[in-house]
Amino acid sequence: MTNLNFSSTKRQTLTGALLLTMASVCGLAQAQNTWPAKPIRIVVPYAPGGANDILARVVAEKLTPAFGQSVVVENKPGAGAIVGTELVVKSAPDGYTLLMAASGPIVFNPALMAKLSYNPITDLAPISLVGSFPMILAVNEASPAKNFAELVNNSKANPSKFNYSYPSASFQLVMELVKTKTGLKAMNVPYQGSAPSINAVLTQEVQMTLIDSGPIASLLKAGKLRALAVTSEQRLASYPQVPTLKEQGVDVAVNFWSGLLAPAGTPAPIVKRLQEEVARIMALPDVQERMAKLDIKPVGSSSADLAKTISQEIQLWTQVAKDNNIKAE
């Protein structure tokens with residue numbers, strides 16, 4: 001009799017567990033079918049104004065009518081983009097909190113930092129590459145340097161008087177690589193975001209900056225800043241007069257990228273829907289035209305492509321940092 005009661009109890013327990021599992025699966029399926037049922041936020045781990053922020057706002061603007069829900073951008077800068085990235089990593093994987101991350105927190109931070117509070121490969125779900133862009137090395141209009149070679153020579157003659165500004169560790173890594181390739185003498189001075197980094201050059205707190213072209217376009221046009229080099233393989237259509245670093249004998253060619261990611265564990269149907277929408281948005285003629293004016297190449301990749309890019313670039317920049325003894329400061 002005892003064995004019969006035990007068997008009955010066991011069946012009841014298994015039945016209850018099965019019902020709970022089925023309810024959970026049904027609840028998840030229902031949530032995916034009704035997603036999005038409330039506003040979505042895209043976290044940008046930088047201050048407003050940079051290419052990453054611009055791309056996030058373009059995507060948010062186009063997603064809002066497509067989803068019938070508000071899609072808002074929240075800027076959460078700090079600690080080399082770690083603050084905003086951590087926020088998303090720790091958020092519920094329900095498709096309502098997304099990350100528009102440049103290569104900085106995703107591939108450069110792991111390359112530069114021995115200890116990092118998140119793993120971009122295991123803690124985030126890649127959705128799509130969104131855009132790529134080169135950087136411009138710029139100086140104040142009052143700088144005596146009219147080209148990159150003159151800048152290098154001036155810095156060698158006055159090493160204690162040369163500093164450069166940068167908005168995140170990724171820009172620092174590229175600039176430090178340029179220094180090792182050329183002998184340029186300049187101390188690094190970090191700033192929280194593109195705007196203050198650029199302002200430091202305008203006020204001559206520093207002698208140069210390395211920045212994406214969007215935030216300084218109007219200043220270059222007004223003649224308040226002077227571009228000495230671009231980091232792309234080829235000259236930019238917007239600045240045909242500005243030579244690449246390679247043209248000036250520096251073996252460096254780098255493009256940064258921005259990608260949309262979600263917390264790990266976000267349901268695959270939600271990731272797929274977002275990926276399809278990003279691809280559609282970045283192919284729109286008005287978006288392509290707007291990006292061209294900012295020297296940003298619009299991209300709408302597969303999730304697998306973004307995952308592959310992340311893995312390959314972490315390996316690449318980790319080796320570059322090691323070879324050049326570059327660490328985040």
# chains A, B, ... in the order shown; residues from 1 in each chain; ligands from 1
call {"tool": "residues_around", "arguments": {"residues": "Arg273 of chain A", "least_positions_apart": "5", "cutoff": "12 Å", "atoms": "only C-alpha atoms", "output": "PyMOL selection string"}}
result
chain A and resi 32-33+35-36+63+66-67+95+127-128+266-268+278-280+302-303
call {"tool": "residues_around", "arguments": {"residues": "Ser155 of chain A", "least_positions_apart": "3", "cutoff": "7 Å", "atoms": "only C-alpha atoms", "output": "list in words"}}
result
Leu151, Val152, Asn158, Pro159, Phe162, Leu184, Lys185 and Ala186 of chain A
call {"tool": "write_last_selection", "arguments": {"atoms": "C-alpha atoms", "output": "compact mmCIF listing (two decimals), in the first residue's frame"}}
result
# COMPACT_ATOMS: atom_id res chain seq x y z
CA LEU A 151 52.55 67.48 -36.29
CA VAL A 152 54.90 64.58 -35.54
CA ASN A 158 58.09 69.88 -27.64
CA PRO A 159 57.04 66.54 -26.10
CA PHE A 162 51.61 67.86 -26.54
CA LEU A 184 54.51 61.02 -32.28
CA LYS A 185 54.91 62.38 -28.74
CA ALA A 186 51.66 63.16 -26.90
call {"tool": "select_by_dssp", "arguments": {"residues": "segment 173-203 of chain A", "states": "helix (DSSP H, G or I)", "output": "PyMOL selection string"}}
result
chain A and resi 173-182+194-202
call {"tool": "write_last_selection", "arguments": {"atoms": "C-alpha atoms", "output": "mmCIF file, in the first residue's frame"}}
result
data_model
loop_
_atom_site.group_PDB
_atom_site.id
_atom_site.type_symbol
_atom_site.label_atom_id
_atom_site.label_comp_id
_atom_site.auth_asym_id
_atom_site.auth_seq_id
_atom_site.Cartn_x
_atom_site.Cartn_y
_atom_site.Cartn_z
ATOM 1 C CA LEU A 173 44.172 52.296 -28.596
ATOM 2 C CA VAL A 174 44.223 53.498 -32.201
ATOM 3 C CA MET A 175 46.034 56.703 -31.265
ATOM 4 C CA GLU A 176 48.626 54.829 -29.230
ATOM 5 C CA LEU A 177 49.156 52.521 -32.212
ATOM 6 C CA VAL A 178 49.735 55.591 -34.402
ATOM 7 C CA LYS A 179 52.262 56.851 -31.855
ATOM 8 C CA THR A 180 54.227 53.615 -31.902
ATOM 9 C CA LYS A 181 54.234 53.631 -35.710
ATOM 10 C CA THR A 182 55.387 57.254 -36.075
ATOM 11 C CA SER A 194 32.820 63.222 -28.184
ATOM 12 C CA ALA A 195 31.661 66.772 -27.412
ATOM 13 C CA PRO A 196 34.028 67.444 -24.482
ATOM 14 C CA SER A 197 36.866 65.723 -26.320
ATOM 15 C CA ILE A 198 36.400 68.048 -29.280
ATOM 16 C CA ASN A 199 35.939 71.089 -27.049
ATOM 17 C CA ALA A 200 39.330 70.387 -25.483
ATOM 18 C CA VAL A 201 40.928 70.982 -28.895
ATOM 19 C CA LEU A 202 38.858 74.110 -29.517
#
call {"tool": "residues_around", "arguments": {"residues": "Val58 of chain A", "least_positions_apart": "3", "cutoff": "9 Å", "atoms": "only C-alpha atoms", "output": "number ranges by chain"}}
result
A: 53-55, 61-63, 281-282, 287
call {"tool": "write_last_selection", "arguments": {"atoms": "all heavy atoms", "output": "mmCIF file, in the first residue's frame"}}
result
data_model
loop_
_atom_site.group_PDB
_atom_site.id
_atom_site.type_symbol
_atom_site.label_atom_id
_atom_site.label_comp_id
_atom_site.auth_asym_id
_atom_site.auth_seq_id
_atom_site.Cartn_x
_atom_site.Cartn_y
_atom_site.Cartn_z
ATOM 1 N N ASP A 53 25.687 57.367 -31.188
ATOM 2 C CA ASP A 53 24.455 58.020 -30.750
ATOM 3 C C ASP A 53 23.568 58.366 -31.949
ATOM 4 O O ASP A 53 22.348 58.176 -31.919
ATOM 5 C CB ASP A 53 24.809 59.281 -29.962
ATOM 6 C CG ASP A 53 23.580 60.037 -29.467
ATOM 7 O OD1 ASP A 53 22.876 59.494 -28.597
ATOM 8 O OD2 ASP A 53 23.339 61.161 -29.940
ATOM 9 N N ILE A 54 24.193 58.863 -33.006
ATOM 10 C CA ILE A 54 23.451 59.223 -34.221
ATOM 11 C C ILE A 54 22.759 57.993 -34.810
ATOM 12 O O ILE A 54 21.573 58.029 -35.170
ATOM 13 C CB ILE A 54 24.398 59.850 -35.264
ATOM 14 C CG1 ILE A 54 24.901 61.217 -34.772
ATOM 15 C CG2 ILE A 54 23.705 59.995 -36.619
ATOM 16 C CD1 ILE A 54 26.039 61.794 -35.590
ATOM 17 N N LEU A 55 23.485 56.879 -34.883
ATOM 18 C CA LEU A 55 22.912 55.651 -35.426
ATOM 19 C C LEU A 55 21.755 55.143 -34.563
ATOM 20 O O LEU A 55 20.728 54.688 -35.076
ATOM 21 C CB LEU A 55 23.991 54.580 -35.546
ATOM 22 C CG LEU A 55 24.973 54.766 -36.706
ATOM 23 C CD1 LEU A 55 26.198 53.877 -36.526
ATOM 24 C CD2 LEU A 55 24.295 54.469 -38.045
ATOM 25 N N GLU A 61 14.094 56.131 -34.412
ATOM 26 C CA GLU A 61 13.094 56.916 -35.159
ATOM 27 C C GLU A 61 12.312 56.037 -36.129
ATOM 28 O O GLU A 61 11.091 56.169 -36.266
ATOM 29 C CB GLU A 61 13.821 58.026 -35.928
ATOM 30 C CG GLU A 61 12.947 58.848 -36.846
ATOM 31 C CD GLU A 61 13.752 59.772 -37.738
ATOM 32 O OE1 GLU A 61 14.802 60.288 -37.288
ATOM 33 O OE2 GLU A 61 13.341 59.971 -38.895
ATOM 34 N N LYS A 62 12.996 55.125 -36.792
ATOM 35 C CA LYS A 62 12.354 54.269 -37.788
ATOM 36 C C LYS A 62 11.637 53.075 -37.168
ATOM 37 O O LYS A 62 10.659 52.563 -37.732
ATOM 38 C CB LYS A 62 13.400 53.782 -38.794
ATOM 39 C CG LYS A 62 14.106 54.891 -39.572
ATOM 40 C CD LYS A 62 13.158 55.629 -40.495
ATOM 41 C CE LYS A 62 13.914 56.638 -41.355
ATOM 42 N NZ LYS A 62 13.000 57.368 -42.291
ATOM 43 N N LEU A 63 12.119 52.615 -36.014
ATOM 44 C CA LEU A 63 11.477 51.473 -35.367
ATOM 45 C C LEU A 63 10.136 51.846 -34.746
ATOM 46 O O LEU A 63 9.229 51.017 -34.668
ATOM 47 C CB LEU A 63 12.385 50.888 -34.279
ATOM 48 C CG LEU A 63 13.548 50.002 -34.710
ATOM 49 C CD1 LEU A 63 14.308 49.507 -33.482
ATOM 50 C CD2 LEU A 63 13.076 48.822 -35.544
ATOM 51 N N ILE A 281 15.865 49.215 -42.322
ATOM 52 C CA ILE A 281 16.082 50.639 -42.028
ATOM 53 C C ILE A 281 17.348 51.155 -42.690
ATOM 54 O O ILE A 281 17.356 52.208 -43.320
ATOM 55 C CB ILE A 281 16.134 50.856 -40.497
ATOM 56 C CG1 ILE A 281 14.751 50.668 -39.893
ATOM 57 C CG2 ILE A 281 16.676 52.248 -40.164
ATOM 58 C CD1 ILE A 281 14.750 50.574 -38.377
ATOM 59 N N MET A 282 18.439 50.397 -42.559
ATOM 60 C CA MET A 282 19.717 50.886 -43.081
ATOM 61 C C MET A 282 19.769 50.883 -44.604
ATOM 62 O O MET A 282 20.661 51.497 -45.197
ATOM 63 C CB MET A 282 20.868 50.069 -42.500
ATOM 64 C CG MET A 282 20.943 50.086 -40.971
ATOM 65 S SD MET A 282 20.652 51.715 -40.194
ATOM 66 C CE MET A 282 22.102 52.629 -40.733
ATOM 67 N N VAL A 287 17.876 57.194 -45.222
ATOM 68 C CA VAL A 287 18.890 56.860 -44.221
ATOM 69 C C VAL A 287 20.267 56.797 -44.877
ATOM 70 O O VAL A 287 21.249 57.325 -44.345
ATOM 71 C CB VAL A 287 18.560 55.514 -43.538
ATOM 72 C CG1 VAL A 287 19.726 55.046 -42.661
ATOM 73 C CG2 VAL A 287 17.291 55.647 -42.706
#
call {"tool": "closest_residue", "arguments": {"among": "A:Ile314, A:Asp212, A:Pro134, A:Lys322", "to": "Val252 of chain A", "atoms": "only C-alpha atoms"}}
result
A:Pro134
call {"tool": "select_by_dssp", "arguments": {"residues": "segment 28-270 of chain A", "states": "strand (DSSP E)", "output": "number ranges by chain"}}
result
A: 40-44, 71-75, 97-102, 124-133, 135-140, 163-166, 187-190, 208-212, 225-230, 256-263
call {"tool": "residues_around", "arguments": {"residues": "segment 324-328 of chain A", "least_positions_apart": "3", "cutoff": "7 Å", "atoms": "only C-alpha atoms", "output": "list in words"}}
result
Leu112, Met113, Ala169, Leu173, Val320 and Ala321 of chain A
call {"tool": "closest_residue", "arguments": {"among": "A:Leu261, A:Ala157, A:Leu316, A:Val72", "to": "Pro105 of chain A", "atoms": "only C-alpha atoms"}}
result
A:Leu261
call {"tool": "closest_residue", "arguments": {"among": "A:Pro120, A:Pro285, A:Gly193, A:Pro269", "to": "Thr309 of chain A", "atoms": "only C-alpha atoms"}}
result
A:Pro120
call {"tool": "closest_residue", "arguments": {"among": "A:Pro39, A:Pro263, A:Gly49, A:Pro240", "to": "Leu99 of chain A", "atoms": "only C-alpha atoms"}}
result
A:Pro263
call {"tool": "residues_around", "arguments": {"residues": "Asn140 of chain A", "least_positions_apart": "3", "cutoff": "12 Å", "atoms": "only C-alpha atoms", "output": "compact mmCIF listing (two decimals) with N, CA, C and O atoms, in the first residue's frame"}}
result
# COMPACT_ATOMS: atom_id res chain seq x y z
N LEU A 137 41.98 62.61 -37.57
CA LEU A 137 42.91 63.24 -36.64
C LEU A 137 42.87 64.73 -36.92
O LEU A 137 43.17 65.17 -38.04
N SER A 143 46.94 75.70 -34.83
CA SER A 143 48.10 74.81 -34.80
C SER A 143 49.04 75.13 -35.95
O SER A 143 48.61 75.34 -37.08
N PRO A 144 50.34 75.15 -35.67
CA PRO A 144 51.30 75.41 -36.75
C PRO A 144 51.42 74.23 -37.72
O PRO A 144 51.95 74.38 -38.83
N ALA A 145 50.93 73.06 -37.32
CA ALA A 145 51.03 71.87 -38.17
C ALA A 145 50.01 71.91 -39.30
O ALA A 145 48.81 71.98 -39.06
N LYS A 146 50.51 71.90 -40.52
CA LYS A 146 49.64 71.92 -41.70
C LYS A 146 49.44 70.53 -42.29
O LYS A 146 48.60 70.32 -43.15
N LEU A 151 53.05 67.72 -37.64
CA LEU A 151 52.55 67.48 -36.29
C LEU A 151 53.51 66.57 -35.52
O LEU A 151 53.84 66.82 -34.35
N TYR A 164 46.70 64.71 -26.36
CA TYR A 164 45.56 64.46 -27.25
C TYR A 164 44.36 64.02 -26.42
O TYR A 164 44.50 63.40 -25.37
N ILE A 198 36.21 67.06 -28.21
CA ILE A 198 36.40 68.05 -29.28
C ILE A 198 36.61 69.44 -28.70
O ILE A 198 37.47 70.20 -29.16
N ASN A 199 35.83 69.77 -27.68
CA ASN A 199 35.94 71.09 -27.05
C ASN A 199 37.34 71.32 -26.48
O ASN A 199 37.83 72.46 -26.46
N ALA A 200 37.98 70.26 -26.03
CA ALA A 200 39.33 70.39 -25.48
C ALA A 200 40.31 70.87 -26.54
O ALA A 200 41.27 71.59 -26.23
N VAL A 201 40.08 70.50 -27.80
CA VAL A 201 40.93 70.98 -28.89
C VAL A 201 40.58 72.43 -29.23
O VAL A 201 41.46 73.25 -29.48
N LEU A 202 39.29 72.74 -29.22
CA LEU A 202 38.86 74.11 -29.52
C LEU A 202 39.43 75.11 -28.51
O LEU A 202 39.82 76.23 -28.87
N THR A 203 39.47 74.72 -27.24
CA THR A 203 39.98 75.61 -26.20
C THR A 203 41.48 75.47 -25.99
O THR A 203 42.06 76.10 -25.12
N GLN A 204 42.09 74.59 -26.79
CA GLN A 204 43.53 74.33 -26.76
C GLN A 204 44.03 73.77 -25.43
O GLN A 204 45.17 73.98 -25.03
N GLU A 205 43.12 73.04 -24.75
CA GLU A 205 43.57 72.28 -23.58
C GLU A 205 44.47 71.14 -24.03
O GLU A 205 45.35 70.69 -23.29
N VAL A 206 44.18 70.62 -25.23
CA VAL A 206 45.01 69.59 -25.86
C VAL A 206 45.34 70.06 -27.27
O VAL A 206 44.72 70.99 -27.79
N GLN A 207 46.31 69.39 -27.88
CA GLN A 207 46.78 69.83 -29.20
C GLN A 207 46.13 69.07 -30.35
O GLN A 207 46.23 69.50 -31.50
N MET A 208 45.47 67.94 -30.06
CA MET A 208 44.88 67.16 -31.15
C MET A 208 43.83 66.21 -30.58
O MET A 208 43.78 65.97 -29.37
N THR A 209 43.03 65.66 -31.48
CA THR A 209 42.07 64.63 -31.09
C THR A 209 41.90 63.65 -32.24
O THR A 209 42.16 63.99 -33.41
N ILE A 216 32.48 66.52 -35.75
CA ILE A 216 33.33 67.68 -36.04
C ILE A 216 33.10 68.25 -37.44
O ILE A 216 33.80 69.16 -37.86
N LEU A 219 32.60 71.98 -37.57
CA LEU A 219 33.80 72.71 -37.14
C LEU A 219 34.89 72.67 -38.21
O LEU A 219 35.62 73.65 -38.39
N LEU A 220 34.98 71.57 -38.93
CA LEU A 220 35.92 71.49 -40.04
C LEU A 220 35.49 72.43 -41.16
O LEU A 220 36.31 73.14 -41.75
N ALA A 222 33.71 75.12 -40.84
CA ALA A 222 33.87 76.51 -40.40
C ALA A 222 35.33 76.91 -40.26
O ALA A 222 35.64 78.09 -40.03
N GLY A 223 36.24 75.94 -40.38
CA GLY A 223 37.66 76.26 -40.28
C GLY A 223 38.17 76.38 -38.86
O GLY A 223 39.30 76.84 -38.65
N LYS A 224 37.38 75.95 -37.89
CA LYS A 224 37.82 76.04 -36.50
C LYS A 224 38.74 74.88 -36.12
O LYS A 224 39.54 74.98 -35.19
N LEU A 225 38.59 73.77 -36.85
CA LEU A 225 39.47 72.63 -36.69
C LEU A 225 40.07 72.29 -38.06
O LEU A 225 39.46 72.56 -39.09
N ARG A 226 41.24 71.68 -38.04
CA ARG A 226 41.90 71.29 -39.28
C ARG A 226 42.15 69.78 -39.26
O ARG A 226 42.73 69.25 -38.31
N ALA A 227 41.71 69.10 -40.29
CA ALA A 227 41.90 67.65 -40.38
C ALA A 227 43.25 67.37 -41.04
O ALA A 227 43.55 67.89 -42.11
N LEU A 228 44.05 66.52 -40.39
CA LEU A 228 45.37 66.19 -40.91
C LEU A 228 45.44 64.79 -41.51
O LEU A 228 46.33 64.50 -42.30
call {"tool": "residues_around", "arguments": {"residues": "segment 87-90 of chain A", "least_positions_apart": "2", "cutoff": "12 Å", "atoms": "only C-alpha atoms", "output": "tab-separated table (two decimals) with C-alpha atoms, in the first residue's frame"}}
result
chain	number	residue	atom	x	y	z
A	41	ARG	CA	14.79	51.66	-24.94
A	42	ILE	CA	18.11	51.66	-26.78
A	43	VAL	CA	20.96	52.34	-24.40
A	44	VAL	CA	23.94	54.25	-25.80
A	45	PRO	CA	26.97	53.93	-23.51
A	74	GLU	CA	19.02	56.66	-23.32
A	75	ASN	CA	22.60	57.91	-23.03
A	76	LYS	CA	24.46	56.20	-20.19
A	77	PRO	CA	28.13	57.20	-20.51
A	78	GLY	CA	30.87	56.42	-18.04
A	81	ALA	CA	31.30	52.77	-21.97
A	82	ILE	CA	31.17	50.09	-19.26
A	83	VAL	CA	28.32	51.76	-17.32
A	84	GLY	CA	25.83	51.61	-20.19
A	85	THR	CA	26.95	48.19	-21.34
A	92	ALA	CA	15.80	41.34	-18.44
A	93	PRO	CA	16.24	39.48	-21.76
A	94	ASP	CA	12.78	40.42	-22.97
A	95	GLY	CA	13.54	42.64	-25.97
A	96	TYR	CA	12.72	45.91	-24.21
A	97	THR	CA	16.28	46.98	-23.38
A	98	LEU	CA	18.82	47.02	-26.22
A	99	LEU	CA	22.40	48.23	-26.59
A	100	MET	CA	23.73	50.32	-29.46
A	101	ALA	CA	27.41	49.68	-28.90
A	105	PRO	CA	32.91	48.29	-25.15
A	106	ILE	CA	32.53	45.16	-27.26
A	117	SER	CA	32.64	42.97	-15.50
A	118	TYR	CA	30.99	41.48	-18.58
A	119	ASN	CA	31.84	39.10	-21.41
A	120	PRO	CA	30.60	40.51	-24.73
A	121	ILE	CA	30.45	37.04	-26.28
A	122	THR	CA	28.47	35.25	-23.54
A	123	ASP	CA	26.54	38.13	-21.92
A	124	LEU	CA	25.10	39.76	-25.04
A	125	ALA	CA	23.07	38.53	-28.01
A	260	LEU	CA	22.73	46.51	-31.97
A	261	LEU	CA	22.77	43.89	-29.21
A	262	ALA	CA	20.44	42.55	-26.54
A	263	PRO	CA	20.96	40.80	-23.20
A	264	ALA	CA	21.93	37.14	-23.58
A	265	GLY	CA	18.87	34.91	-23.47
A	266	THR	CA	16.64	37.25	-25.46
call {"tool": "atom_distance", "arguments": {"atom1": "atom CA of Ser165 of chain A", "atom2": "atom CA of Val189 of chain A"}}
result
4.9 Å
call {"tool": "closest_residue", "arguments": {"among": "A:Ala149, A:Ile310, A:Ile211, A:Ile296", "to": "Gln248 of chain A", "atoms": "only C-alpha atoms"}}
result
A:Ala149
call {"tool": "atom_distance", "arguments": {"atom1": "atom CA of Glu277 of chain A", "atom2": "atom CA of Lys297 of chain A"}}
result
17.2 Å
call {"tool": "residues_around", "arguments": {"residues": "Ser238 of chain A", "least_positions_apart": "2", "cutoff": "9 Å", "atoms": "only C-alpha atoms", "output": "MDAnalysis selection string"}}
result
chainID A and resid 235:236 240:241 292:295
call {"tool": "closest_residue", "arguments": {"among": "A:Asn153, A:Ala304, A:Ile136, A:Val59", "to": "Val230 of chain A", "atoms": "only C-alpha atoms"}}
result
A:Ile136
